[in-house]
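Data file: my_file.cif. Format and content: mmCIF, C-alpha atoms.
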data_input
loop_
_atom_site.label_atom_id
_atom_site.label_comp_id
_atom_site.auth_asym_id
_atom_site.auth_seq_id
_atom_site.Cartn_x
_atom_site.Cartn_y
_atom_site.Cartn_z
CA MET A 962 0.00 0.00 0.00
CA SER A 963 1.42 3.41 -1.02
CA THR A 964 2.02 6.12 1.56
CA PRO A 965 -0.25 9.18 1.13
CA ILE A 966 1.60 12.27 -0.05
CA HIS A 967 1.52 15.04 2.53
CA ARG A 968 0.26 18.25 0.95
CA ARG A 969 1.18 21.55 2.54
CA ARG A 970 -1.04 24.63 2.53
CA VAL A 971 0.03 27.55 0.32
CA VAL A 972 -0.88 31.20 0.89
CA ILE A 973 -0.40 34.54 -0.88
CA THR A 974 1.53 36.98 1.31
CA GLY A 975 2.59 39.67 -1.16
CA VAL A 976 1.12 41.21 -4.32
CA GLY A 977 2.51 43.53 -6.97
CA THR A 978 1.26 44.84 -10.29
CA VAL A 979 1.94 47.31 -13.06
CA ASN A 980 -1.00 47.78 -15.44
CA PRO A 981 -3.11 50.42 -17.21
CA CYS A 982 -5.33 50.86 -14.13
CA GLY A 983 -2.49 51.42 -11.69
CA LEU A 984 1.22 51.30 -10.96
CA ASP A 985 0.65 49.31 -7.77
CA ALA A 986 -1.98 47.03 -6.27
CA THR A 987 -3.66 49.68 -4.12
CA GLU A 988 -4.18 52.14 -6.97
CA THR A 989 -5.36 49.32 -9.21
CA TRP A 990 -7.87 48.00 -6.67
CA ASP A 991 -9.30 51.48 -6.01
CA ASN A 992 -9.74 52.16 -9.71
CA LEU A 993 -11.30 48.77 -10.40
CA LEU A 994 -13.83 49.10 -7.57
CA ALA A 995 -14.71 52.57 -8.90
CA GLY A 996 -15.16 51.21 -12.43
CA ARG A 997 -12.44 53.39 -13.96
CA SER A 998 -11.03 52.25 -17.30
CA GLY A 999 -7.33 52.46 -18.17
CA ILE A 1000 -7.86 52.11 -21.92
CA GLY A 1001 -7.10 54.91 -24.38
CA PRO A 1002 -5.70 55.80 -27.82
CA ILE A 1003 -2.36 54.24 -28.78
CA ASP A 1004 0.31 56.96 -28.73
CA ARG A 1005 3.53 54.94 -29.17
CA PHE A 1006 3.43 54.73 -32.95
CA ASP A 1007 1.43 55.99 -35.91
CA VAL A 1008 -1.83 54.03 -36.02
CA SER A 1009 -3.24 55.71 -39.14
CA ASP A 1010 -3.19 52.47 -41.13
CA PHE A 1011 -4.35 50.23 -38.27
CA ALA A 1012 -7.93 49.04 -37.87
CA CYS A 1013 -7.44 49.04 -34.09
CA LYS A 1014 -6.11 52.31 -32.66
CA ILE A 1015 -6.66 51.72 -28.93
CA ALA A 1016 -4.97 49.77 -26.14
CA GLY A 1017 -4.39 49.60 -22.40
CA GLN A 1018 -0.97 51.26 -22.11
CA VAL A 1019 0.95 51.53 -18.85
CA LYS A 1020 1.47 55.22 -18.09
CA GLY A 1021 4.07 56.76 -15.79
CA PHE A 1022 6.02 53.64 -14.86
CA ASN A 1023 9.59 54.46 -13.75
CA PRO A 1024 11.93 51.44 -13.85
CA ASP A 1025 14.62 53.41 -11.98
CA VAL A 1026 12.93 52.43 -8.72
CA CYS A 1027 13.77 48.75 -9.18
CA ILE A 1028 16.37 48.45 -11.98
CA ASP A 1029 19.77 50.07 -12.38
CA LYS A 1030 19.81 52.37 -15.43
CA LYS A 1031 22.65 50.47 -17.07
CA GLU A 1032 20.82 47.16 -16.59
CA GLN A 1033 17.59 48.52 -18.07
CA LYS A 1034 19.19 48.58 -21.53
CA LYS A 1035 19.72 44.83 -21.30
CA MET A 1036 16.03 44.04 -20.79
CA ASP A 1037 12.85 44.20 -22.84
CA ILE A 1038 10.00 46.23 -21.38
CA PHE A 1039 8.13 43.08 -20.30
CA ILE A 1040 11.04 42.36 -17.92
CA HIS A 1041 10.91 45.96 -16.65
CA TYR A 1042 7.25 45.46 -15.79
CA ALA A 1043 7.91 42.08 -14.19
CA LEU A 1044 10.62 43.50 -11.94
CA GLY A 1045 8.45 46.48 -11.06
CA ALA A 1046 5.62 44.20 -9.93
CA ALA A 1047 8.10 41.84 -8.22
CA HIS A 1048 9.56 44.75 -6.24
CA GLU A 1049 6.14 45.72 -4.93
CA ALA A 1050 5.27 42.10 -4.03
CA TRP A 1051 8.64 41.63 -2.29
CA VAL A 1052 8.15 44.74 -0.16
CA ASP A 1053 4.47 44.00 0.43
CA ALA A 1054 5.38 40.56 1.80
CA GLY A 1055 7.93 42.17 4.12
CA PHE A 1056 11.04 40.55 2.67
CA ASP A 1057 12.78 43.91 2.33
CA ARG A 1058 12.95 43.82 6.14
CA VAL A 1059 14.14 40.21 6.44
CA GLU A 1060 17.66 38.83 6.00
CA LEU A 1061 17.11 35.42 4.44
CA THR A 1062 19.63 32.71 5.22
CA LYS A 1063 21.35 30.76 2.45
CA ALA A 1064 19.22 27.73 3.35
CA GLU A 1065 16.05 29.83 3.03
CA ARG A 1066 17.14 31.23 -0.34
CA GLU A 1067 17.74 27.72 -1.66
CA VAL A 1068 14.04 26.91 -1.20
CA PHE A 1069 12.72 30.30 -2.41
CA GLY A 1070 12.17 30.24 -6.16
CA THR A 1071 10.82 32.23 -9.11
CA TYR A 1072 8.19 31.20 -11.64
CA ILE A 1073 7.33 34.17 -13.85
CA GLY A 1074 6.01 33.58 -17.36
CA SER A 1075 5.15 35.58 -20.46
CA GLY A 1076 2.76 34.82 -23.26
CA ILE A 1077 4.96 36.30 -25.99
CA GLY A 1078 8.12 37.71 -24.44
CA GLY A 1079 10.23 40.47 -25.94
CA LEU A 1080 8.38 41.28 -29.14
CA SER A 1081 9.22 44.99 -28.78
CA THR A 1082 12.93 44.18 -28.71
CA ILE A 1083 12.58 41.96 -31.78
CA TRP A 1084 10.75 44.73 -33.65
CA ASP A 1085 13.28 47.40 -32.69
CA GLU A 1086 16.30 45.23 -33.51
CA ALA A 1087 14.91 44.14 -36.87
CA ASN A 1088 14.09 47.70 -37.88
CA GLY A 1089 17.47 48.99 -36.82
CA TYR A 1090 19.43 46.00 -38.08
CA ARG A 1091 22.98 46.93 -39.13
CA GLY A 1092 24.51 43.51 -39.70
CA PRO A 1093 25.61 40.59 -37.53
CA ARG A 1094 28.63 42.41 -36.10
CA ARG A 1095 26.47 45.25 -34.84
CA THR A 1096 23.85 43.12 -33.08
CA SER A 1097 23.79 43.63 -29.31
CA PRO A 1098 25.10 40.71 -27.22
CA PHE A 1099 22.11 41.39 -24.95
CA PHE A 1100 19.57 40.98 -27.77
CA ILE A 1101 18.64 37.37 -26.95
CA PRO A 1102 18.85 37.57 -23.12
CA SER A 1103 16.64 40.67 -23.20
CA LEU A 1104 13.72 39.01 -24.94
CA ILE A 1105 13.41 35.31 -24.08
CA VAL A 1106 10.44 34.37 -21.92
CA ASN A 1107 12.26 32.91 -18.90
CA LEU A 1108 14.44 35.98 -18.36
CA ALA A 1109 11.74 37.75 -16.34
CA SER A 1110 12.00 34.88 -13.88
CA GLY A 1111 15.77 34.73 -14.25
CA GLN A 1112 16.28 38.44 -13.62
CA ALA A 1113 14.03 38.29 -10.54
CA SER A 1114 16.00 35.31 -9.24
CA ILE A 1115 19.27 37.21 -9.69
CA LYS A 1116 17.96 40.45 -8.19
CA TYR A 1117 16.69 38.84 -4.99
CA GLY A 1118 19.21 36.01 -4.71
CA LEU A 1119 16.54 33.32 -4.92
CA GLN A 1120 18.18 29.95 -5.54
CA GLY A 1121 15.14 27.67 -5.47
CA PRO A 1122 13.25 26.51 -8.59
CA ASN A 1123 13.76 29.06 -11.38
CA SER A 1124 11.34 28.45 -14.22
CA ALA A 1125 8.81 30.01 -16.56
CA VAL A 1126 5.73 29.06 -18.53
CA ALA A 1127 4.39 30.38 -21.85
CA THR A 1128 0.77 29.33 -22.28
CA ALA A 1129 -0.57 32.40 -24.07
CA CYS A 1130 -3.31 34.13 -22.06
CA ALA A 1131 -3.35 31.43 -19.38
CA THR A 1132 0.33 32.01 -18.54
CA GLY A 1133 -0.01 33.99 -15.30
CA ALA A 1134 -2.55 31.59 -13.80
CA HIS A 1135 -0.50 28.55 -14.80
CA ALA A 1136 2.66 30.08 -13.31
CA ILE A 1137 0.96 30.70 -9.96
CA GLY A 1138 -0.70 27.27 -9.94
CA ASP A 1139 2.51 25.46 -10.85
CA ALA A 1140 4.49 27.42 -8.26
CA ALA A 1141 1.90 26.69 -5.58
CA ARG A 1142 2.24 22.96 -6.28
CA LEU A 1143 6.01 23.18 -5.91
CA ILE A 1144 5.41 24.45 -2.38
CA ALA A 1145 2.51 22.11 -1.63
CA PHE A 1146 4.62 19.04 -2.37
CA GLY A 1147 7.83 20.23 -0.73
CA TYR A 1148 10.01 21.28 -3.67
CA ALA A 1149 10.13 24.86 -2.38
CA ASP A 1150 9.01 26.81 0.68
CA ARG A 1151 8.39 30.13 -1.03
CA MET A 1152 7.90 31.25 -4.64
CA MET A 1153 7.63 34.52 -6.53
CA ALA A 1154 5.16 33.83 -9.36
CA GLY A 1155 3.03 35.46 -12.04
CA GLY A 1156 3.20 36.83 -15.55
CA SER A 1157 4.31 39.81 -17.62
CA ASP A 1158 3.73 40.94 -21.21
CA SER A 1159 4.13 44.03 -23.38
CA VAL A 1160 3.44 43.78 -27.11
CA ILE A 1161 1.80 47.12 -27.88
CA ASN A 1162 3.86 47.74 -30.98
CA GLN A 1163 3.31 47.51 -34.73
CA LEU A 1164 3.86 43.76 -34.85
CA GLY A 1165 1.73 42.94 -31.80
CA VAL A 1166 -1.24 45.12 -32.67
CA GLY A 1167 -0.98 44.29 -36.36
CA GLY A 1168 -0.83 40.56 -35.69
CA PHE A 1169 -3.85 40.41 -33.40
CA ALA A 1170 -5.79 42.81 -35.66
CA ALA A 1171 -5.12 40.53 -38.63
CA MET A 1172 -6.89 37.77 -36.68
CA ARG A 1173 -9.85 40.13 -36.17
CA ALA A 1174 -9.49 39.57 -32.44
CA LEU A 1175 -9.32 43.24 -31.40
CA SER A 1176 -12.08 45.76 -30.77
CA THR A 1177 -12.27 48.60 -33.29
CA ARG A 1178 -14.42 50.89 -31.16
CA ASN A 1179 -11.72 53.51 -31.63
CA ASP A 1180 -13.92 56.54 -30.97
CA GLU A 1181 -14.82 55.29 -27.45
CA PRO A 1182 -11.66 53.69 -26.01
CA GLN A 1183 -12.89 53.44 -22.43
CA ARG A 1184 -16.10 51.77 -23.59
CA ALA A 1185 -14.45 49.38 -26.04
CA SER A 1186 -13.84 46.43 -23.71
CA ARG A 1187 -17.37 45.29 -22.93
CA PRO A 1188 -17.54 41.65 -21.85
CA PHE A 1189 -21.01 40.06 -21.94
CA ASP A 1190 -22.58 43.04 -23.76
CA VAL A 1191 -24.40 42.29 -27.02
CA ASP A 1192 -22.26 44.89 -28.84
CA ARG A 1193 -18.87 43.47 -27.85
CA ASP A 1194 -16.58 43.25 -30.87
CA GLY A 1195 -13.25 41.90 -29.59
CA PHE A 1196 -10.73 42.37 -26.82
CA VAL A 1197 -8.56 45.41 -26.11
CA MET A 1198 -4.85 44.60 -25.99
CA SER A 1199 -3.13 45.67 -22.82
CA GLU A 1200 0.21 45.28 -21.04
CA GLY A 1201 1.77 44.99 -17.62
CA ALA A 1202 2.59 42.44 -14.94
CA GLY A 1203 1.02 40.71 -11.95
CA ILE A 1204 3.28 38.99 -9.41
CA VAL A 1205 2.50 37.29 -6.09
CA ILE A 1206 4.61 35.90 -3.26
CA LEU A 1207 3.53 32.39 -2.28
CA GLU A 1208 4.53 30.77 1.01
CA GLU A 1209 3.95 27.58 2.91
CA TYR A 1210 1.24 28.46 5.41
CA GLU A 1211 3.02 27.51 8.64
CA LEU A 1212 6.14 29.46 7.66
CA ALA A 1213 4.05 32.52 6.79
CA LYS A 1214 2.13 32.28 10.06
CA ALA A 1215 5.31 31.85 12.08
CA ARG A 1216 6.82 35.06 10.75
CA GLY A 1217 3.57 36.98 11.23
CA ALA A 1218 3.03 37.56 7.53
CA LYS A 1219 -0.03 39.31 6.16
CA ILE A 1220 -2.09 36.69 4.31
CA TYR A 1221 -4.36 37.62 1.41
CA ALA A 1222 -5.77 34.19 0.60
CA GLU A 1223 -4.92 30.51 0.37
CA VAL A 1224 -4.35 28.85 -3.01
CA ALA A 1225 -6.74 26.00 -2.28
CA GLY A 1226 -7.12 24.44 -5.73
CA TYR A 1227 -5.63 24.42 -9.21
CA GLY A 1228 -6.88 22.86 -12.42
CA MET A 1229 -5.51 22.45 -15.95
CA SER A 1230 -7.12 21.19 -19.15
CA GLY A 1231 -6.77 21.21 -22.93
CA ASP A 1232 -9.58 21.87 -25.43
CA ALA A 1233 -7.99 19.74 -28.20
CA ASN A 1234 -10.24 21.65 -30.58
CA HIS A 1235 -8.76 24.65 -32.43
CA ILE A 1236 -5.79 27.02 -32.16
CA THR A 1237 -7.98 30.00 -31.17
CA SER A 1238 -11.62 28.94 -30.73
CA PRO A 1239 -12.79 27.36 -27.46
CA ALA A 1240 -14.30 23.89 -27.54
CA PRO A 1241 -18.08 23.65 -28.12
CA GLU A 1242 -20.15 24.48 -25.02
CA GLY A 1243 -16.94 25.59 -23.30
CA GLU A 1244 -16.19 21.95 -22.61
CA GLY A 1245 -12.51 22.57 -21.84
CA GLY A 1246 -13.50 25.35 -19.46
CA GLN A 1247 -15.97 23.02 -17.78
CA ARG A 1248 -13.30 20.43 -17.15
CA VAL A 1249 -10.75 22.90 -15.81
CA MET A 1250 -13.21 24.38 -13.30
CA ARG A 1251 -14.23 20.91 -12.14
CA ALA A 1252 -10.55 19.92 -11.84
CA ALA A 1253 -9.79 22.96 -9.66
CA MET A 1254 -12.73 22.29 -7.35
CA LYS A 1255 -11.77 18.62 -7.08
CA ASP A 1256 -8.22 19.68 -6.18
CA ALA A 1257 -9.63 22.03 -3.52
CA GLY A 1258 -12.01 19.36 -2.24
CA ILE A 1259 -15.07 21.61 -2.47
CA ALA A 1260 -18.55 21.51 -3.98
CA PRO A 1261 -19.70 24.03 -6.63
CA GLU A 1262 -22.07 25.65 -4.11
CA GLN A 1263 -19.11 26.77 -2.00
CA VAL A 1264 -17.78 29.15 -4.69
CA GLY A 1265 -19.10 32.68 -4.23
CA TYR A 1266 -17.26 34.66 -6.92
CA ILE A 1267 -15.57 34.00 -10.25
CA ASN A 1268 -13.13 36.42 -11.87
CA MET A 1269 -13.88 35.29 -15.40
CA HIS A 1270 -11.51 35.17 -18.34
CA GLY A 1271 -14.17 37.33 -20.06
CA THR A 1272 -12.14 38.93 -22.85
CA SER A 1273 -15.04 40.68 -24.66
CA THR A 1274 -14.98 38.41 -27.70
CA PRO A 1275 -18.38 37.36 -29.14
CA VAL A 1276 -17.71 33.62 -28.92
CA GLY A 1277 -15.44 33.35 -25.88
CA ASP A 1278 -17.68 35.17 -23.40
CA LYS A 1279 -20.74 33.15 -24.41
CA LEU A 1280 -18.96 29.80 -24.10
CA GLU A 1281 -17.43 30.65 -20.71
CA CYS A 1282 -20.90 31.55 -19.40
CA MET A 1283 -22.25 28.31 -20.84
CA ALA A 1284 -19.47 26.39 -19.10
CA ILE A 1285 -20.38 28.03 -15.78
CA HIS A 1286 -24.01 26.93 -16.16
CA ARG A 1287 -22.92 23.37 -16.95
CA VAL A 1288 -20.55 23.20 -13.97
CA PHE A 1289 -22.55 25.07 -11.32
CA GLY A 1290 -26.10 24.09 -12.29
CA ASP A 1291 -28.72 26.01 -10.28
CA HIS A 1292 -25.96 27.76 -8.31
CA ALA A 1293 -24.89 29.53 -11.53
CA LYS A 1294 -27.80 31.94 -11.04
CA ARG A 1295 -26.62 32.82 -7.53
CA ILE A 1296 -22.88 33.05 -8.04
CA LYS A 1297 -21.32 36.49 -8.62
CA VAL A 1298 -18.93 36.93 -11.54
CA SER A 1299 -17.12 39.81 -13.23
CA SER A 1300 -14.52 40.54 -15.87
CA THR A 1301 -12.06 43.23 -14.85
CA LYS A 1302 -10.72 43.15 -18.42
CA SER A 1303 -13.55 45.59 -19.06
CA MET A 1304 -11.32 48.15 -17.30
CA HIS A 1305 -7.68 47.07 -17.65
CA GLY A 1306 -7.99 45.29 -20.99
CA HIS A 1307 -6.35 41.99 -21.80
CA LEU A 1308 -2.79 41.73 -20.44
CA LEU A 1309 -2.18 38.50 -22.39
CA GLY A 1310 0.38 36.44 -20.44
CA ALA A 1311 0.11 38.81 -17.47
CA ALA A 1312 -3.70 38.57 -17.25
CA GLY A 1313 -3.72 35.60 -14.87
CA GLY A 1314 -1.21 37.26 -12.56
CA LEU A 1315 -3.17 40.49 -12.24
CA GLU A 1316 -6.52 38.73 -12.04
CA THR A 1317 -5.28 36.38 -9.31
CA ILE A 1318 -4.37 39.48 -7.31
CA VAL A 1319 -7.85 40.91 -7.95
CA THR A 1320 -9.44 37.62 -6.84
CA ALA A 1321 -7.27 37.50 -3.70
CA LEU A 1322 -8.31 41.05 -2.80
CA ALA A 1323 -11.95 40.13 -3.39
CA VAL A 1324 -11.59 37.15 -1.05
CA LYS A 1325 -9.90 39.27 1.61
CA THR A 1326 -12.32 42.22 1.45
CA GLY A 1327 -15.59 40.65 0.29
CA LYS A 1328 -15.80 43.28 -2.45
CA ILE A 1329 -16.23 42.53 -6.17
CA PRO A 1330 -15.04 44.87 -8.93
CA PRO A 1331 -17.73 45.38 -11.57
CA THR A 1332 -17.88 44.51 -15.24
CA ILE A 1333 -18.25 47.94 -16.82
CA ASN A 1334 -19.80 48.81 -20.19
CA VAL A 1335 -22.64 46.30 -19.82
CA ASP A 1336 -25.35 48.41 -21.46
CA ASN A 1337 -27.34 45.54 -22.94
CA GLN A 1338 -26.34 42.17 -21.51
CA ASP A 1339 -26.25 39.33 -24.00
CA PRO A 1340 -29.04 36.85 -23.09
CA GLU A 1341 -26.57 34.05 -23.92
CA CYS A 1342 -24.38 35.37 -21.08
CA ASP A 1343 -27.03 34.66 -18.45
CA VAL A 1344 -25.04 35.07 -15.22
CA ASP A 1345 -24.76 37.84 -12.63
CA VAL A 1346 -21.85 39.78 -14.18
CA THR A 1347 -21.86 42.52 -11.48
CA PRO A 1348 -22.77 45.09 -14.15
CA ASN A 1349 -21.32 48.59 -13.96
CA LYS A 1350 -21.18 48.87 -10.16
CA ALA A 1351 -19.03 47.08 -7.58
CA GLY A 1352 -20.69 44.35 -5.56
CA THR A 1353 -20.10 42.17 -2.52
CA PHE A 1354 -20.08 38.47 -1.72
CA ASP A 1355 -19.95 36.42 1.44
CA ALA A 1356 -18.36 33.06 0.73
CA GLU A 1357 -15.18 31.24 1.63
CA TYR A 1358 -14.04 30.47 -1.92
CA ALA A 1359 -13.48 32.37 -5.17
CA MET A 1360 -12.30 31.24 -8.60
CA ASN A 1361 -10.11 32.73 -11.31
CA ASN A 1362 -10.24 31.46 -14.90
CA GLY A 1363 -7.57 31.81 -17.59
CA PHE A 1364 -7.80 30.41 -21.12
CA GLY A 1365 -5.21 30.63 -23.92
CA PHE A 1366 -4.63 30.03 -27.62
CA GLY A 1367 -3.94 26.43 -28.38
CA GLY A 1368 -6.78 25.40 -26.09
CA THR A 1369 -4.83 25.67 -22.84
CA ASN A 1370 -6.89 26.35 -19.70
CA ALA A 1371 -6.11 27.19 -16.07
CA CYS A 1372 -8.30 27.68 -13.03
CA LEU A 1373 -7.33 28.71 -9.51
CA ILE A 1374 -9.43 28.43 -6.36
CA LEU A 1375 -8.62 30.90 -3.60
CA ARG A 1376 -9.85 30.50 -0.02
CA LYS A 1377 -10.38 33.07 2.67
CA VAL A 1378 -7.96 32.63 5.57
#
Would you mind writing the file out in structure tokens?
Amino acid sequence: MSTPIHRRRVVITGVGTVNPCGLDATETWDNLLAGRSGIGPIDRFDVSDFACKIAGQVKGFNPDVCIDKKEQKKMDIFIHYALGAAHEAWVDAGFDRVELTKAEREVFGTYIGSGIGGLSTIWDEANGYRGPRRTSPFFIPSLIVNLASGQASIKYGLQGPNSAVATACATGAHAIGDAARLIAFGYADRMMAGGSDSVINQLGVGGFAAMRALSTRNDEPQRASRPFDVDRDGFVMSEGAGIVILEEYELAKARGAKIYAEVAGYGMSGDANHITSPAPEGEGGQRVMRAAMKDAGIAPEQVGYINMHGTSTPVGDKLECMAIHRVFGDHAKRIKVSSTKSMHGHLLGAAGGLETIVTALAVKTGKIPPTINVDNQDPECDVDVTPNKAGTFDAEYAMNNGFGFGGTNACLILRKV
């Protein structure tokens, strides 16, 4: 007879974000609860020939706070954002006031992913190409996906697991779920985890626009991202990072750490259907939500809030709502949901990181950010989407969904502690 595997509890003790709705978690949370959008006209390049002329750009971020000026030139902007969010999470968790021992650093790791990586660096290098002998030796290290995690590991001297994941728009949620399992099963005691992306450039916007994935409501940028509304016409590309500090519960409690929420469950699934379209009836989403609840050991009726993937695409929103009805049955009418992408846009590989932070804050405070721009809710999105005004919930568990191209799905269950 096999010996049962002991599973340790994992909690979130620090949060950090850089995104269009705020340069830190507090500013972001305040703006989201107030229903303020961070979306506006693209001003980084000439968009005259582009069908989509709007995006969620980060404004006012100063990398000098967390990165030496000389080092900044060796990193793509997605790494700048990752280190900015990591710095906030590190301080928020109180590790700026703690001298970690070598033994503690050896079991403190990094797991920060990116959906696309350094596309801005690729674009700039290609357009300024002057031959092989003039290419920067930092070109490759500045753009590859795992260097956000690698740079964070170097900056904070974290010698535990150092890895990354690239699962498109599910990246941030997968990174946090994978990192939590490393702690749960004893491969690490603490992890810095999340996602970062920045592809608001000619290639990024042009590529997604060519797929007809982006909203073209250019005359009303702040009203363009409208999940669950009948007039939704695509997502709004955004950028930024969302990073959390995860710790084994007893260690966090022993040091008197502030705890936002427990990572109680994690699910993964594959649609095996199409490179961009979800499976019929949101079947992959159904399975990933069921997997997360099974991992958490809870019934559907115990979930009080879902931060939905809700990108504002005509097909995706409908199928995610359908999946919720299939999974939650009669409880689907009572559960509260929202899509904060209506305000901060779609951060691609960073979406799951930011939205896990939002879900953790919802669990801790009992407050739910709204879905804004719901003027005429689609009858095929028949759930309580917390339209236009912040709400509340009183339950022990909340859920965060993340789905990505290639049919990759992630779901996290957070528990109030």
Quiz prompt | Explicit residue set for the PyMOL selection byres ((chain A and resi 1341-1343) around 8), as a list in words | solution =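 The output of the PyMOL selection byres ((chain A and resi 1341-1343) around 8) on this file is Phe1189, Asp1278, Lys1279, Cys1282, Met1283, Lys1294, Gln1338, Asp1339, Pro1340, Val1344 and Asp1345 of chain A.
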Quiz prompt | One-decimal distance in Å that lies between atom CA of Ala1171 of chain A and atom CA of Arg1091 of chain A | solution =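 Spanning atom CA of Arg1091 of chain A to atom CA of Ala1171 of chain A is a straight-line distance of 28.8 Å.
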Exercise. Could you check how far atom CA of Pro1275 of chain A sits from atom CA of Asp1192 of chain A, in Å to one decimal?
Key: 8.5 Å
Quiz prompt | Contacts of segment 1095-1105 of chain A within 9 Å, all atoms listed in the file, excl. fewer than 6 positions in-chain, as JSON, numbers by chain | solution = {"A": [1034, 1035, 1036, 1037, 1038, 1039, 1040, 1077, 1078, 1079, 1080, 1081, 1082, 1083, 1086]}
Quiz prompt | Spatial neighbours of segment 1137-1154 of chain A, max dist 6 Å, only C-alpha atoms, sep filter under 4 positions, as a PyMOL selection string | solution = chain A and resi 968-969+1068-1073+1204-1209+1227
Self-check item: Top pick for closest residue to Asp1232 of chain A, considering A:Leu1212, A:Val1019, A:Ala1371, A:Ala1054 and counting all atoms listed in the file
Solution: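 Distance minimum relative to Asp1232 of chain A lands on A:Ala1371.
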Quiz item: Suppose you want the space between atom CA of Ala1016 of chain A and atom CA of Glu1316 of chain A; what is it in Å?
Solution: 18.0 Å
Practice problem: Would you kindly return, as a ChimeraX atom specification, each protein, DNA or RNA residue with an atom no farther than 12 Å from any atom of Glu988 of chain A, considering only C-alpha atoms and excluding same-chain residues fewer than 4 positions away? | Solution: /A:977-984,992-995,997,999,1319
Exercise. Quick one: everything within 12 Å of Ala1050 of chain A, counting only C-alpha atoms, minus sequence neighbours fewer than 3 positions away in the same chain. Send it as a PyMOL selection string.
Key: chain A and resi 973-979+985-987+1027+1043-1047+1053-1057+1113+1117+1152-1155+1202-1207+1219+1221+1314-1315+1318
Quiz prompt | Residue nearest Phe1354 of chain A among A:Ala1233, A:Ala1129, A:Met1250, A:Ile1329 (counting all atoms listed in the file) | solution =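 Comparing A:Ala1233, A:Ala1129, A:Met1250, A:Ile1329 against Phe1354 of chain A, the winner is A:Ile1329.
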Quiz item: Which one of A:Thr1132, A:Ser1186, A:Thr1062, A:Gln1033 sits closest to Val1335 of chain A if you count all atoms listed in the file?
Solution: A:Ser1186
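Checking A:Lys1030, A:His1135, A:Arg1251, A:Lys1325 one by one against Gly1365 of chain A, counting all atoms listed in the file, you find the shortest gap at A:His1135.
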Mind completing segment 1106-1119 of chain A with N, CA and C atoms? Output as a JSON list (two decimals), in the coordinates of the input, please?
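Result file follows (selection16.json):
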[["chain", "number", "residue", "atom", "x", "y", "z"],
["A", 1106, "VAL", "N", 11.51, 34.39, -22.91],
["A", 1106, "VAL", "CA", 10.44, 34.37, -21.92],
["A", 1106, "VAL", "C", 10.94, 34.16, -20.50],
["A", 1107, "ASN", "N", 11.88, 33.25, -20.28],
["A", 1107, "ASN", "CA", 12.26, 32.91, -18.90],
["A", 1107, "ASN", "C", 13.16, 33.95, -18.24],
["A", 1108, "LEU", "N", 13.54, 35.01, -18.98],
["A", 1108, "LEU", "CA", 14.44, 35.98, -18.36],
["A", 1108, "LEU", "C", 13.73, 36.90, -17.37],
["A", 1109, "ALA", "N", 12.43, 37.01, -17.41],
["A", 1109, "ALA", "CA", 11.74, 37.75, -16.34],
["A", 1109, "ALA", "C", 11.95, 37.01, -15.03],
["A", 1110, "SER", "N", 11.77, 35.70, -15.07],
["A", 1110, "SER", "CA", 12.00, 34.88, -13.88],
["A", 1110, "SER", "C", 13.47, 34.87, -13.50],
["A", 1111, "GLY", "N", 14.34, 34.76, -14.50],
["A", 1111, "GLY", "CA", 15.77, 34.73, -14.25],
["A", 1111, "GLY", "C", 16.28, 36.02, -13.63],
["A", 1112, "GLN", "N", 15.84, 37.15, -14.16],
["A", 1112, "GLN", "CA", 16.28, 38.44, -13.62],
["A", 1112, "GLN", "C", 15.78, 38.64, -12.19],
["A", 1113, "ALA", "N", 14.55, 38.18, -11.91],
["A", 1113, "ALA", "CA", 14.03, 38.29, -10.54],
["A", 1113, "ALA", "C", 14.84, 37.41, -9.59],
["A", 1114, "SER", "N", 15.18, 36.22, -10.05],
["A", 1114, "SER", "CA", 16.00, 35.31, -9.24],
["A", 1114, "SER", "C", 17.34, 35.95, -8.90],
["A", 1115, "ILE", "N", 17.97, 36.56, -9.89],
["A", 1115, "ILE", "CA", 19.27, 37.21, -9.69],
["A", 1115, "ILE", "C", 19.14, 38.40, -8.74],
["A", 1116, "LYS", "N", 18.13, 39.23, -8.98],
["A", 1116, "LYS", "CA", 17.96, 40.45, -8.19],
["A", 1116, "LYS", "C", 17.79, 40.16, -6.70],
["A", 1117, "TYR", "N", 17.00, 39.12, -6.39],
["A", 1117, "TYR", "CA", 16.69, 38.84, -4.99],
["A", 1117, "TYR", "C", 17.48, 37.67, -4.41],
["A", 1118, "GLY", "N", 18.37, 37.10, -5.20],
["A", 1118, "GLY", "CA", 19.21, 36.01, -4.71],
["A", 1118, "GLY", "C", 18.43, 34.76, -4.38],
["A", 1119, "LEU", "N", 17.41, 34.46, -5.19],
["A", 1119, "LEU", "CA", 16.54, 33.32, -4.92],
["A", 1119, "LEU", "C", 17.05, 32.10, -5.68]]
